[in-house]
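Shown next, in structure tokens, is the structure this report addresses.
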Protein chains: 2
Amino acid sequence: MIDKLVSKIKETNAPIVVGLDPMLSYVPEHIQKKAFDEYGETLAGAAEAIWQYNKGIIDATYDLIPAVKPQIAMYEQFGIDGLIAFKKTVDYCKSKDLVVIGDIKRGDIGSTSTAYAVGHLGKVAVGSNTYAGFDEDFVTVNPYLGTDGVKPFVDVCKEENKGIFVLVKTSNPSSGEFQDRLVDGKPLYEIVGEMVDKWGSDVIGKSGYSAVGAVVGATYPKMGKILRDIMPKSFILVPGYGAQGGKAADLVHYFNEDGLGAIVNSSRGIIAAYKQDKYAQFGPEAYADASRQAVIDMIEDINGAIGGH
Amino acid sequence: MIDKLVSKIKETNAPIVVGLDPMLSYVPEHIQKKAFDEYGETLAGAAEAIWQYNKGIIDATYDLIPAVKPQIAMYEQFGIDGLIAFKKTVDYCKSKDLVVIGDIKRGDIGSTSTAYAVGHLGKVAVGSNTYAGFDEDFVTVNPYLGTDGVKPFVDVCKEENKGIFVLVKTSNPSSGEFQDRLVDGKPLYEIVGEMVDKWGSDVIGKSGYSAVGAVVGATYPKMGKILRDIMPKSFILVPGYGAQGGKAADLVHYFNEDGLGAIVNSSRGIIAAYKQDKYAQFGPEAYADASRQAVIDMIEDINGAIGGH
């Protein structure tokens, strides 16, 4: 799957991923109204609204981008109905040949981590049948529990040709509370980065990249540069661009010399573009066209910055 | 909710929690057959089998215990149908007045952590209505992202009178890879423990315990003793007893002088008791009676050990 991601990035010339993290407040009035008219102001109504909203954005952008990253929390908050909308979104993106990165930040130990891996990347056995529960292409994984927590995901990746991105240095202001703590003079995120390199060492694809990537926030460019060197074969999934303050110029060192090795996420900046002054002329009815223009602008911004790499 | 947990522990004289972590292989043949006859060997069939299995165990044990801890991964692996079984299990346990600890190990940042907190502990707004998506009483939370990840859960706990258990020192063999790393001579888990104490400082219940508890594995008793002192007002949720090797005698120092302060989990040891030689006489048909006997034996074992505290 990492090879598919690489080839899709080359094909689109767009090292970006659109974060499908819908808040109900982002969904234009006309879509909310239609969903609530049909299902009432219920969890099913909310789920229908965010699904229709997503579908509009996917239809307007899928030819420009290699991948999407639905954030499961935004669906899970609406309970079972929300998770049905998550699954519909995953399936629809796959039907458009997009690589789907489930931003699930799961992590447990042993058979429990295996259950998450099976549910999101693999297949579960029921009697003589097998079923894929959610069937994303990649998921994000939390490393706090160590190898026992991550290895079951890597095993499923190997069997199913899927991939993971392990949280290494997150984009938020307090990420340093634990991640930056110095262990023998070395910050914890570097130690986690070394483990990411190790976990990925026997799942290297034809592209030269491993099925075990890393999450490193755009808001910490110096650390991104160091981590790039520590994990040369890992793709870096970069949150924090745009709304969180990360700038394209900061991202140069997240990429390798081959111009690959990173994929930059934008969520609100794309999916709620129509709410920005810059794209206000589209209006809520044409919110998806605003998203398309925001994707075009983001690709230009990122490529402009890394072109001189 | 922490006060309810404390009063339920006093009432049952049982500082234990039953982990509802069903594997399909634990479910007795007759329950699987009935579910598959009705729904086929499908995800819905698997979900029905684990729900009926859970129901039997809950009916046989609810009067003896204060709390249950369903592990969401074991349901999530069966996709949407599995999560419907999770929700049924949560609701049924609450109808039996059990405290429900959702073992979800979620954690993200800002509005995303809020979405998880709202979905599992609080209520989400849809138009002029509000809905509880999963509605557990407590959930487990991963601290790797720092205060930005945990604070949104604490805020929802305050509003909704709910609680969390933050992963501090997990029970698995590789938990030390990151958690034990020394920062200025102090292991990371102690630093996380100090933050747990701080996060809980303004959500102290009438019982004197805080809504922010901690997960500390039974397999690391020396660390448990130190963490007990660092977080005097936090309840400790203790996995790793029984099947993972933790012994009752090791658990004495997880408790405070008042005989409270910890709740010990057993999953497989209770729910699959009928598969052990010790309880084999019950047979698969009476699996729930085997679970009841295993609960009685566990309470005696734990109370025997902490009685001399």
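Lettering and numbering for the structure tokens are positional, with chains as A, B, ... in the shown order, residues counted from 1 in each chain, and ligands counted from 1 in the shown order.
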Spatial neighbours of Ser267 in chain B, max dist 12 Å, only C-alpha atoms, sep filter under 5 positions, as a short mmCIF file (atom, residue, chain, number, x, y, z; two decimals) with all heavy atoms, in the first residue's frame:
```cif
data_model
loop_
_atom_site.label_atom_id
_atom_site.label_comp_id
_atom_site.auth_asym_id
_atom_site.auth_seq_id
_atom_site.Cartn_x
_atom_site.Cartn_y
_atom_site.Cartn_z
N THR A 112 -5.36 -7.50 21.85
CA THR A 112 -6.24 -6.34 21.74
C THR A 112 -5.78 -5.43 20.60
O THR A 112 -6.60 -4.94 19.81
CB THR A 112 -6.27 -5.57 23.08
OG1 THR A 112 -6.47 -6.50 24.12
CG2 THR A 112 -7.37 -4.55 23.09
N ILE B 16 -12.95 -5.13 42.51
CA ILE B 16 -12.60 -5.79 41.24
C ILE B 16 -13.51 -5.30 40.11
O ILE B 16 -14.57 -4.73 40.35
CB ILE B 16 -12.71 -7.33 41.33
CG1 ILE B 16 -14.18 -7.81 41.37
CG2 ILE B 16 -11.96 -7.86 42.55
CD1 ILE B 16 -14.33 -9.27 40.97
N VAL B 17 -13.04 -5.54 38.91
CA VAL B 17 -13.81 -5.21 37.72
C VAL B 17 -13.69 -6.38 36.74
O VAL B 17 -12.61 -6.98 36.61
CB VAL B 17 -13.34 -3.86 37.11
CG1 VAL B 17 -11.84 -3.84 36.89
CG2 VAL B 17 -14.04 -3.54 35.80
N VAL B 18 -14.80 -6.73 36.13
CA VAL B 18 -14.80 -7.84 35.18
C VAL B 18 -14.61 -7.28 33.77
O VAL B 18 -15.40 -6.45 33.32
CB VAL B 18 -16.11 -8.65 35.27
CG1 VAL B 18 -16.20 -9.68 34.14
CG2 VAL B 18 -16.20 -9.35 36.63
N GLY B 19 -13.54 -7.72 33.14
CA GLY B 19 -13.23 -7.26 31.78
C GLY B 19 -14.02 -8.02 30.75
O GLY B 19 -13.81 -9.22 30.57
N LEU B 20 -14.94 -7.33 30.08
CA LEU B 20 -15.76 -7.98 29.05
C LEU B 20 -15.06 -7.84 27.70
O LEU B 20 -15.36 -6.95 26.91
CB LEU B 20 -17.16 -7.36 29.04
CG LEU B 20 -17.97 -7.55 30.33
CD1 LEU B 20 -19.25 -6.71 30.30
CD2 LEU B 20 -18.32 -9.02 30.56
N ASP B 21 -14.08 -8.72 27.49
CA ASP B 21 -13.22 -8.69 26.30
C ASP B 21 -13.45 -9.96 25.50
O ASP B 21 -12.55 -10.80 25.37
CB ASP B 21 -11.74 -8.66 26.69
CG ASP B 21 -11.37 -7.58 27.68
OD1 ASP B 21 -12.26 -6.89 28.19
OD2 ASP B 21 -10.17 -7.43 27.94
N PRO B 22 -14.63 -10.17 24.96
CA PRO B 22 -14.93 -11.46 24.36
C PRO B 22 -14.17 -11.74 23.07
O PRO B 22 -14.11 -10.90 22.18
CB PRO B 22 -16.43 -11.35 24.07
CG PRO B 22 -16.68 -9.89 23.92
CD PRO B 22 -15.73 -9.22 24.86
N MET B 23 -13.54 -12.89 23.00
CA MET B 23 -13.04 -13.41 21.73
C MET B 23 -14.10 -14.41 21.28
O MET B 23 -14.70 -15.09 22.12
CB MET B 23 -11.72 -14.17 21.94
CG MET B 23 -10.65 -13.39 22.65
SD MET B 23 -9.59 -12.51 21.51
CE MET B 23 -8.40 -13.80 21.12
N TYR B 26 -13.93 -17.77 22.80
CA TYR B 26 -14.36 -18.00 24.17
C TYR B 26 -15.84 -18.39 24.23
O TYR B 26 -16.30 -18.95 25.22
CB TYR B 26 -14.25 -16.72 25.02
CG TYR B 26 -12.88 -16.14 25.24
CD1 TYR B 26 -12.75 -14.88 25.83
CD2 TYR B 26 -11.72 -16.82 24.90
CE1 TYR B 26 -11.51 -14.32 26.06
CE2 TYR B 26 -10.47 -16.26 25.12
CZ TYR B 26 -10.37 -15.00 25.69
OH TYR B 26 -9.15 -14.43 25.93
N ASN B 54 -21.95 -12.22 26.66
CA ASN B 54 -21.81 -11.18 27.69
C ASN B 54 -23.01 -11.16 28.63
O ASN B 54 -22.86 -11.07 29.85
CB ASN B 54 -21.72 -9.79 27.05
CG ASN B 54 -20.36 -9.51 26.45
OD1 ASN B 54 -19.40 -10.21 26.70
ND2 ASN B 54 -20.28 -8.44 25.66
N ILE B 57 -22.95 -13.70 31.28
CA ILE B 57 -21.96 -13.43 32.32
C ILE B 57 -22.45 -12.29 33.24
O ILE B 57 -22.32 -12.37 34.47
CB ILE B 57 -20.58 -13.07 31.69
CG1 ILE B 57 -20.02 -14.30 30.98
CG2 ILE B 57 -19.61 -12.55 32.75
CD1 ILE B 57 -18.90 -14.00 30.01
N VAL B 68 -17.77 -3.17 35.42
CA VAL B 68 -17.29 -3.97 34.29
C VAL B 68 -16.43 -3.09 33.40
O VAL B 68 -16.53 -1.86 33.43
CB VAL B 68 -18.46 -4.54 33.45
CG1 VAL B 68 -19.23 -5.60 34.21
CG2 VAL B 68 -19.37 -3.43 32.96
N LYS B 69 -15.58 -3.74 32.61
CA LYS B 69 -14.71 -2.99 31.70
C LYS B 69 -14.74 -3.65 30.32
O LYS B 69 -13.92 -4.50 30.02
CB LYS B 69 -13.28 -2.96 32.25
CG LYS B 69 -12.30 -2.18 31.37
CD LYS B 69 -10.92 -2.05 31.99
CE LYS B 69 -10.10 -3.30 31.89
NZ LYS B 69 -9.78 -3.75 30.52
N PRO B 70 -15.71 -3.27 29.49
CA PRO B 70 -15.67 -3.80 28.12
C PRO B 70 -14.52 -3.19 27.32
O PRO B 70 -14.29 -1.98 27.38
CB PRO B 70 -17.04 -3.38 27.54
CG PRO B 70 -17.53 -2.28 28.40
CD PRO B 70 -16.87 -2.40 29.74
N GLN B 71 -13.78 -4.03 26.63
CA GLN B 71 -12.64 -3.62 25.80
C GLN B 71 -13.16 -3.42 24.38
O GLN B 71 -13.49 -4.38 23.68
CB GLN B 71 -11.58 -4.72 25.85
CG GLN B 71 -10.49 -4.63 24.82
CD GLN B 71 -9.78 -3.31 24.79
OE1 GLN B 71 -10.11 -2.45 23.94
NE2 GLN B 71 -8.88 -3.08 25.72
N MET B 74 -12.33 -5.45 21.01
CA MET B 74 -12.87 -6.78 20.77
C MET B 74 -14.21 -6.73 20.03
O MET B 74 -14.63 -7.72 19.43
CB MET B 74 -13.02 -7.54 22.09
CG MET B 74 -11.69 -7.86 22.75
SD MET B 74 -10.61 -8.77 21.60
CE MET B 74 -9.09 -8.84 22.53
N ASP B 103 -13.00 0.53 28.00
CA ASP B 103 -11.54 0.48 27.78
C ASP B 103 -11.30 0.81 26.32
O ASP B 103 -11.28 -0.06 25.44
CB ASP B 103 -10.99 -0.90 28.14
CG ASP B 103 -9.47 -0.86 28.31
OD1 ASP B 103 -8.85 0.18 27.99
OD2 ASP B 103 -8.90 -1.87 28.75
N VAL B 238 -6.19 -1.62 37.70
CA VAL B 238 -5.05 -2.53 37.64
C VAL B 238 -5.33 -3.70 36.69
O VAL B 238 -6.07 -4.63 37.03
CB VAL B 238 -4.72 -3.10 39.04
CG1 VAL B 238 -3.40 -3.88 39.00
CG2 VAL B 238 -4.68 -2.01 40.10
N PRO B 239 -4.78 -3.67 35.48
CA PRO B 239 -4.86 -4.85 34.61
C PRO B 239 -3.69 -5.78 34.91
O PRO B 239 -2.76 -5.41 35.64
CB PRO B 239 -4.72 -4.25 33.22
CG PRO B 239 -3.82 -3.06 33.42
CD PRO B 239 -4.07 -2.55 34.83
N GLY B 240 -3.77 -6.98 34.37
CA GLY B 240 -2.61 -7.87 34.45
C GLY B 240 -2.69 -8.91 35.55
O GLY B 240 -1.80 -9.75 35.70
N TYR B 241 -3.77 -8.87 36.36
CA TYR B 241 -3.97 -9.89 37.39
C TYR B 241 -4.39 -11.20 36.71
O TYR B 241 -5.13 -11.18 35.74
CB TYR B 241 -5.07 -9.43 38.37
CG TYR B 241 -5.60 -10.50 39.31
CD1 TYR B 241 -4.96 -10.76 40.52
CD2 TYR B 241 -6.74 -11.22 39.00
CE1 TYR B 241 -5.46 -11.74 41.39
CE2 TYR B 241 -7.25 -12.20 39.85
CZ TYR B 241 -6.60 -12.45 41.05
OH TYR B 241 -7.09 -13.41 41.90
N GLY B 242 -3.91 -12.31 37.23
CA GLY B 242 -4.37 -13.60 36.71
C GLY B 242 -3.63 -14.01 35.45
O GLY B 242 -2.42 -14.24 35.48
N ALA B 243 -4.36 -14.03 34.34
CA ALA B 243 -3.81 -14.55 33.09
C ALA B 243 -2.45 -13.93 32.72
O ALA B 243 -1.57 -14.62 32.21
CB ALA B 243 -4.81 -14.34 31.95
N GLN B 244 -2.26 -12.62 33.00
CA GLN B 244 -0.98 -11.99 32.65
C GLN B 244 0.10 -12.19 33.72
O GLN B 244 1.23 -11.72 33.58
CB GLN B 244 -1.15 -10.49 32.40
CG GLN B 244 -1.81 -10.17 31.05
CD GLN B 244 -1.90 -8.65 30.82
OE1 GLN B 244 -0.93 -7.93 30.92
NE2 GLN B 244 -3.10 -8.18 30.54
N ALA B 272 -13.80 -16.47 30.59
CA ALA B 272 -13.55 -17.78 29.99
C ALA B 272 -13.16 -18.79 31.07
O ALA B 272 -12.42 -19.75 30.81
CB ALA B 272 -12.47 -17.68 28.92
N ALA B 273 -13.66 -18.57 32.30
CA ALA B 273 -13.30 -19.46 33.42
C ALA B 273 -13.61 -20.91 33.09
O ALA B 273 -12.84 -21.81 33.44
CB ALA B 273 -14.06 -19.02 34.68
N SER B 291 -18.12 -18.47 35.59
CA SER B 291 -17.67 -17.07 35.76
C SER B 291 -18.03 -16.56 37.15
O SER B 291 -17.24 -15.87 37.80
CB SER B 291 -18.30 -16.17 34.69
OG SER B 291 -17.83 -16.51 33.41
N ALA B 294 -15.64 -17.95 39.59
CA ALA B 294 -14.33 -17.30 39.42
C ALA B 294 -14.33 -15.91 40.04
O ALA B 294 -13.32 -15.47 40.61
CB ALA B 294 -13.96 -17.24 37.94
N VAL B 295 -15.45 -15.20 39.95
CA VAL B 295 -15.56 -13.89 40.60
C VAL B 295 -15.46 -14.04 42.12
O VAL B 295 -14.71 -13.31 42.79
CB VAL B 295 -16.90 -13.19 40.22
CG1 VAL B 295 -17.21 -12.03 41.18
CG2 VAL B 295 -16.84 -12.67 38.79
N MET B 298 -11.95 -14.76 43.04
CA MET B 298 -11.07 -13.60 42.87
C MET B 298 -11.25 -12.60 44.00
O MET B 298 -10.27 -12.07 44.54
CB MET B 298 -11.34 -12.91 41.52
CG MET B 298 -10.48 -11.68 41.29
SD MET B 298 -10.81 -10.90 39.67
CE MET B 298 -9.79 -9.40 39.82
#
```
Range 210-217 of chain A: which residues within 8 Å, counting only C-alpha atoms, same-chain residues fewer than 6 positions away excluded, as a PDB file with N, CA and C atoms, in the first residue's frame?
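And here is the file that came out, result24.pdb:
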```pdb
ATOM      1  N   MET A   1       0.824  -1.214   0.000  1.00  0.00           N
ATOM      2  CA  MET A   1       0.000   0.000   0.000  1.00  0.00           C
ATOM      3  C   MET A   1       0.863   1.271   0.000  1.00  0.00           C
ATOM      4  N   ILE A   2       2.041   1.184   0.659  1.00  0.00           N
ATOM      5  CA  ILE A   2       2.934   2.350   0.631  1.00  0.00           C
ATOM      6  C   ILE A   2       3.347   2.636  -0.827  1.00  0.00           C
ATOM      7  N   THR A 140      -3.421   5.421  11.827  1.00  0.00           N
ATOM      8  CA  THR A 140      -2.455   5.995  12.757  1.00  0.00           C
ATOM      9  C   THR A 140      -2.482   5.192  14.060  1.00  0.00           C
ATOM     10  N   VAL A 154       1.848  -4.139  12.615  1.00  0.00           N
ATOM     11  CA  VAL A 154       2.828  -4.402  11.546  1.00  0.00           C
ATOM     12  C   VAL A 154       2.586  -5.779  10.943  1.00  0.00           C
ATOM     13  N   CYS A 157      -0.263  -5.518   8.626  1.00  0.00           N
ATOM     14  CA  CYS A 157       0.190  -4.784   7.431  1.00  0.00           C
ATOM     15  C   CYS A 157       0.911  -5.712   6.459  1.00  0.00           C
ATOM     16  N   LYS A 162      -0.950  -3.440   3.917  1.00  0.00           N
ATOM     17  CA  LYS A 162      -1.478  -2.172   4.413  1.00  0.00           C
ATOM     18  C   LYS A 162      -0.339  -1.413   5.097  1.00  0.00           C
ATOM     19  N   GLY A 163      -0.646  -0.294   5.743  1.00  0.00           N
ATOM     20  CA  GLY A 163       0.414   0.481   6.385  1.00  0.00           C
ATOM     21  C   GLY A 163      -0.078   1.224   7.613  1.00  0.00           C
ATOM     22  N   ILE A 164       0.869   1.723   8.407  1.00  0.00           N
ATOM     23  CA  ILE A 164       0.519   2.536   9.583  1.00  0.00           C
ATOM     24  C   ILE A 164       1.399   3.786   9.641  1.00  0.00           C
ATOM     25  N   PHE A 165       0.911   4.770  10.352  1.00  0.00           N
ATOM     26  CA  PHE A 165       1.707   5.940  10.718  1.00  0.00           C
ATOM     27  C   PHE A 165       1.701   6.015  12.250  1.00  0.00           C
ATOM     28  N   VAL A 166       2.882   5.928  12.839  1.00  0.00           N
ATOM     29  CA  VAL A 166       3.005   5.921  14.298  1.00  0.00           C
ATOM     30  C   VAL A 166       3.199   7.357  14.791  1.00  0.00           C
ATOM     31  N   LEU A 167       2.479   7.748  15.832  1.00  0.00           N
ATOM     32  CA  LEU A 167       2.656   9.082  16.406  1.00  0.00           C
ATOM     33  C   LEU A 167       4.069   9.202  16.959  1.00  0.00           C
ATOM     34  N   VAL A 168       4.815  10.175  16.462  1.00  0.00           N
ATOM     35  CA  VAL A 168       6.171  10.388  16.968  1.00  0.00           C
ATOM     36  C   VAL A 168       6.234  11.748  17.660  1.00  0.00           C
ATOM     37  N   LYS A 169       5.997  12.805  16.883  1.00  0.00           N
ATOM     38  CA  LYS A 169       6.008  14.153  17.466  1.00  0.00           C
ATOM     39  C   LYS A 169       4.750  14.850  16.953  1.00  0.00           C
ATOM     40  N   THR A 170       3.776  15.019  17.834  1.00  0.00           N
ATOM     41  CA  THR A 170       2.490  15.551  17.389  1.00  0.00           C
ATOM     42  C   THR A 170       2.520  17.081  17.320  1.00  0.00           C
ATOM     43  N   SER A 171       1.556  17.642  16.591  1.00  0.00           N
ATOM     44  CA  SER A 171       1.608  19.060  16.227  1.00  0.00           C
ATOM     45  C   SER A 171       1.148  20.020  17.317  1.00  0.00           C
ATOM     46  N   ASN A 172       0.537  19.483  18.379  1.00  0.00           N
ATOM     47  CA  ASN A 172      -0.110  20.345  19.377  1.00  0.00           C
ATOM     48  C   ASN A 172       0.879  21.023  20.320  1.00  0.00           C
ATOM     49  N   GLY A 193      11.195   7.588  17.168  1.00  0.00           N
ATOM     50  CA  GLY A 193      11.555   7.603  15.742  1.00  0.00           C
ATOM     51  C   GLY A 193      12.500   6.451  15.387  1.00  0.00           C
ATOM     52  N   VAL A 196      10.434   3.407  15.147  1.00  0.00           N
ATOM     53  CA  VAL A 196       9.649   3.400  13.900  1.00  0.00           C
ATOM     54  C   VAL A 196      10.516   2.851  12.761  1.00  0.00           C
ATOM     55  N   ASP A 197      11.758   3.323  12.707  1.00  0.00           N
ATOM     56  CA  ASP A 197      12.682   2.842  11.672  1.00  0.00           C
ATOM     57  C   ASP A 197      12.873   1.331  11.795  1.00  0.00           C
ATOM     58  N   TRP A 199      10.808  -0.910  13.442  1.00  0.00           N
ATOM     59  CA  TRP A 199       9.559  -1.655  13.183  1.00  0.00           C
ATOM     60  C   TRP A 199       9.294  -1.809  11.681  1.00  0.00           C
ATOM     61  N   GLY A 200       9.748  -0.814  10.905  1.00  0.00           N
ATOM     62  CA  GLY A 200       9.467  -0.842   9.471  1.00  0.00           C
ATOM     63  C   GLY A 200      10.493  -1.605   8.654  1.00  0.00           C
ATOM     64  N   SER A 201      11.567  -2.076   9.320  1.00  0.00           N
ATOM     65  CA  SER A 201      12.723  -2.579   8.564  1.00  0.00           C
ATOM     66  C   SER A 201      12.434  -3.825   7.723  1.00  0.00           C
ATOM     67  N   ASP A 202      11.429  -4.618   8.100  1.00  0.00           N
ATOM     68  CA  ASP A 202      11.163  -5.770   7.224  1.00  0.00           C
ATOM     69  C   ASP A 202       9.831  -5.669   6.466  1.00  0.00           C
ATOM     70  N   VAL A 203       9.351  -4.447   6.326  1.00  0.00           N
ATOM     71  CA  VAL A 203       8.163  -4.231   5.487  1.00  0.00           C
ATOM     72  C   VAL A 203       8.425  -3.068   4.515  1.00  0.00           C
ATOM     73  N   ILE A 204       9.571  -3.172   3.824  1.00  0.00           N
ATOM     74  CA  ILE A 204       9.943  -2.133   2.850  1.00  0.00           C
ATOM     75  C   ILE A 204       9.332  -2.500   1.494  1.00  0.00           C
ATOM     76  N   GLY A 224      11.382  17.953  12.753  1.00  0.00           N
ATOM     77  CA  GLY A 224      11.055  17.229  11.524  1.00  0.00           C
ATOM     78  C   GLY A 224      12.316  16.891  10.742  1.00  0.00           C
ATOM     79  N   LYS A 233      13.488   5.691   5.689  1.00  0.00           N
ATOM     80  CA  LYS A 233      12.593   4.883   4.850  1.00  0.00           C
ATOM     81  C   LYS A 233      11.123   5.032   5.237  1.00  0.00           C
ATOM     82  N   SER A 234      10.857   5.887   6.207  1.00  0.00           N
ATOM     83  CA  SER A 234       9.468   6.073   6.636  1.00  0.00           C
ATOM     84  C   SER A 234       8.861   7.307   5.993  1.00  0.00           C
ATOM     85  N   PHE A 235       7.649   7.155   5.485  1.00  0.00           N
ATOM     86  CA  PHE A 235       6.887   8.317   5.074  1.00  0.00           C
ATOM     87  C   PHE A 235       6.474   9.086   6.323  1.00  0.00           C
ATOM     88  N   ILE A 236       6.487  10.409   6.216  1.00  0.00           N
ATOM     89  CA  ILE A 236       6.030  11.232   7.337  1.00  0.00           C
ATOM     90  C   ILE A 236       4.668  11.826   6.978  1.00  0.00           C
ATOM     91  N   LEU A 237       3.710  11.557   7.821  1.00  0.00           N
ATOM     92  CA  LEU A 237       2.384  12.169   7.701  1.00  0.00           C
ATOM     93  C   LEU A 237       2.439  13.439   8.552  1.00  0.00           C
ATOM     94  N   VAL A 238       2.192  14.584   7.901  1.00  0.00           N
ATOM     95  CA  VAL A 238       2.428  15.869   8.553  1.00  0.00           C
ATOM     96  C   VAL A 238       1.116  16.611   8.818  1.00  0.00           C
ATOM     97  N   PRO A 239       0.643  16.590  10.057  1.00  0.00           N
ATOM     98  CA  PRO A 239      -0.506  17.444  10.402  1.00  0.00           C
ATOM     99  C   PRO A 239       0.001  18.824  10.824  1.00  0.00           C
ATOM    100  N   GLY A 240      -0.925  19.764  10.939  1.00  0.00           N
ATOM    101  CA  GLY A 240      -0.556  21.065  11.501  1.00  0.00           C
ATOM    102  C   GLY A 240      -0.301  22.143  10.479  1.00  0.00           C
TER     103      GLY A 240
END
```
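Comparing the minimum interatomic distances between chain B and each of A:Pro66, A:Gly56, A:Pro173, A:Pro152, counting only C-alpha atoms, we find that A:Pro173 sits nearest.
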Range 122-128 of chain B environment, 12 Å, only C-alpha atoms, sequence neighbours closer than 5 positions dropped, as a PyMOL selection string: (chain A and resi 23-25+29+32-33+35-37+39-50+74-79+82) or (chain B and resi 114-117+133-139+152-163)
Emit the selected residues as a compact mmCIF listing (two decimals), in the first residue's frame, including C-alpha atoms.
```txt
# COMPACT_ATOMS: atom_id res chain seq x y z
CA MET A 23 -17.79 19.17 12.40
CA LEU A 24 -21.53 19.63 12.07
CA SER A 25 -20.90 23.38 12.16
CA GLU A 29 -27.19 24.89 5.95
CA GLN A 32 -28.10 20.01 7.18
CA LYS A 33 -31.67 20.98 6.36
CA ALA A 35 -30.69 15.58 6.21
CA PHE A 36 -32.78 16.79 9.16
CA ASP A 37 -35.92 16.94 7.01
CA TYR A 39 -34.11 11.91 9.53
CA GLY A 40 -34.99 14.59 12.07
CA GLU A 41 -32.47 16.28 14.36
CA THR A 42 -31.13 12.86 15.35
CA LEU A 43 -27.80 11.03 15.30
CA ALA A 44 -28.90 9.51 11.98
CA GLY A 45 -29.65 13.00 10.68
CA ALA A 46 -26.23 14.29 11.75
CA ALA A 47 -24.53 11.25 10.20
CA GLU A 48 -26.39 11.77 6.91
CA ALA A 49 -25.39 15.46 6.90
CA ILE A 50 -21.68 14.78 7.36
CA MET A 74 -15.52 13.21 14.42
CA TYR A 75 -17.79 10.30 13.42
CA GLU A 76 -17.56 8.35 16.70
CA GLN A 77 -19.04 11.32 18.56
CA PHE A 78 -22.32 10.54 16.78
CA GLY A 79 -22.28 6.95 18.04
CA GLY A 82 -21.61 8.35 12.98
CA THR B 114 -13.40 16.60 22.78
CA ALA B 115 -15.22 14.57 20.12
CA TYR B 116 -14.06 11.29 21.71
CA ALA B 117 -14.99 12.56 25.18
CA GLY B 133 -23.42 8.15 21.61
CA PHE B 134 -21.94 5.40 23.79
CA ASP B 135 -22.44 6.73 27.32
CA GLU B 136 -19.89 4.84 29.41
CA ASP B 137 -19.22 6.02 32.99
CA PHE B 138 -15.42 6.01 32.69
CA VAL B 139 -13.04 5.58 29.77
CA PRO B 152 -10.89 17.83 26.93
CA PHE B 153 -11.79 14.53 28.63
CA VAL B 154 -11.46 16.12 32.09
CA ASP B 155 -13.70 18.99 31.01
CA VAL B 156 -16.42 16.58 29.89
CA CYS B 157 -15.99 14.57 33.14
CA LYS B 158 -16.62 17.74 35.12
CA GLU B 159 -19.77 18.62 33.16
CA GLU B 160 -21.20 15.12 33.09
CA ASN B 161 -19.93 13.69 36.39
CA LYS B 162 -17.93 11.00 34.63
CA GLY B 163 -14.32 9.84 34.98
```
Residues near range 274-279 of chain A, cut-off 10 Å, only C-alpha atoms, skip fewer than 6 positions along chain, as an NGL selection string: :A and (26 or 28 or 268 or 285-291 or 293-294)
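Of the residues listed (B:Gly102, B:Gly110, B:Gly259, B:Gly119), B:Gly119 shows the shortest atom-to-atom separation from chain A; distances use only C-alpha atoms.
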Nearby residues (only C-alpha atoms) at most 12 Å from Asp250 in chain A, same-chain spacing under 6 positions excluded, as a list of chain:residue names: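 In the requested format, the answer is A:Gly217, A:Ala218, A:Thr219, A:Tyr220, A:Pro221, A:Lys222, A:Met223, A:Gly224, A:Lys225, A:Val238, A:Gly240, A:Tyr241, A:Gly242, A:Val264, A:Asp301, A:Ile302, A:Gly304, A:Ala305, A:Ile306, A:His309.
Distances from A:Ile65, A:Ile9, A:Ala14, A:Leu182 to chain B were compared using only C-alpha atoms, and the smallest one belongs to A:Leu182.
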Check the DSSP output for the backbone and give back, as a PyMOL selection string, the residues of range 92-218 of chain A in strand (DSSP E or B). chain A and resi 99-106+124-126+129-131+138-141+163-169+182-183+186-187+204+210+212-216
Pick from B:Thr12, B:Ser95, B:Gln179, B:Gln52 nearest to chain A, counting only C-alpha atoms: B:Gln179
Taking the chain letters and numbering used in this document, name the residues of range 78-273 of chain B that DSSP puts in helix (DSSP H, G or I), as an MDAnalysis selection string. chainID B and resid 79:95 110:120 147:160 173:179 188:199 221:230 248:254 268:271 273
For a test of reading the model, state the distance in Å between CA of Val252 in chain A and CA of Pro187 in chain A, rounded to one decimal.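 Interatomic distance, CA of Val252 in chain A to CA of Pro187 in chain A: 21.9 Å.
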Which residue gives the smallest distance to Gly149 in chain A among A:Arg181, A:Arg106, A:Lys96, A:His120, with only C-alpha atoms counted? A:Arg106
Quick one: of B:Lys206, B:Lys94, B:Lys88, B:Lys10, who's nearest to chain A, counting only C-alpha atoms?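 Under the stated criterion, the closest residue is B:Lys88.
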By how many Å are CA of Asp148 in chain B and CA of Tyr189 in chain B apart?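 It comes out at 18.0 Å.
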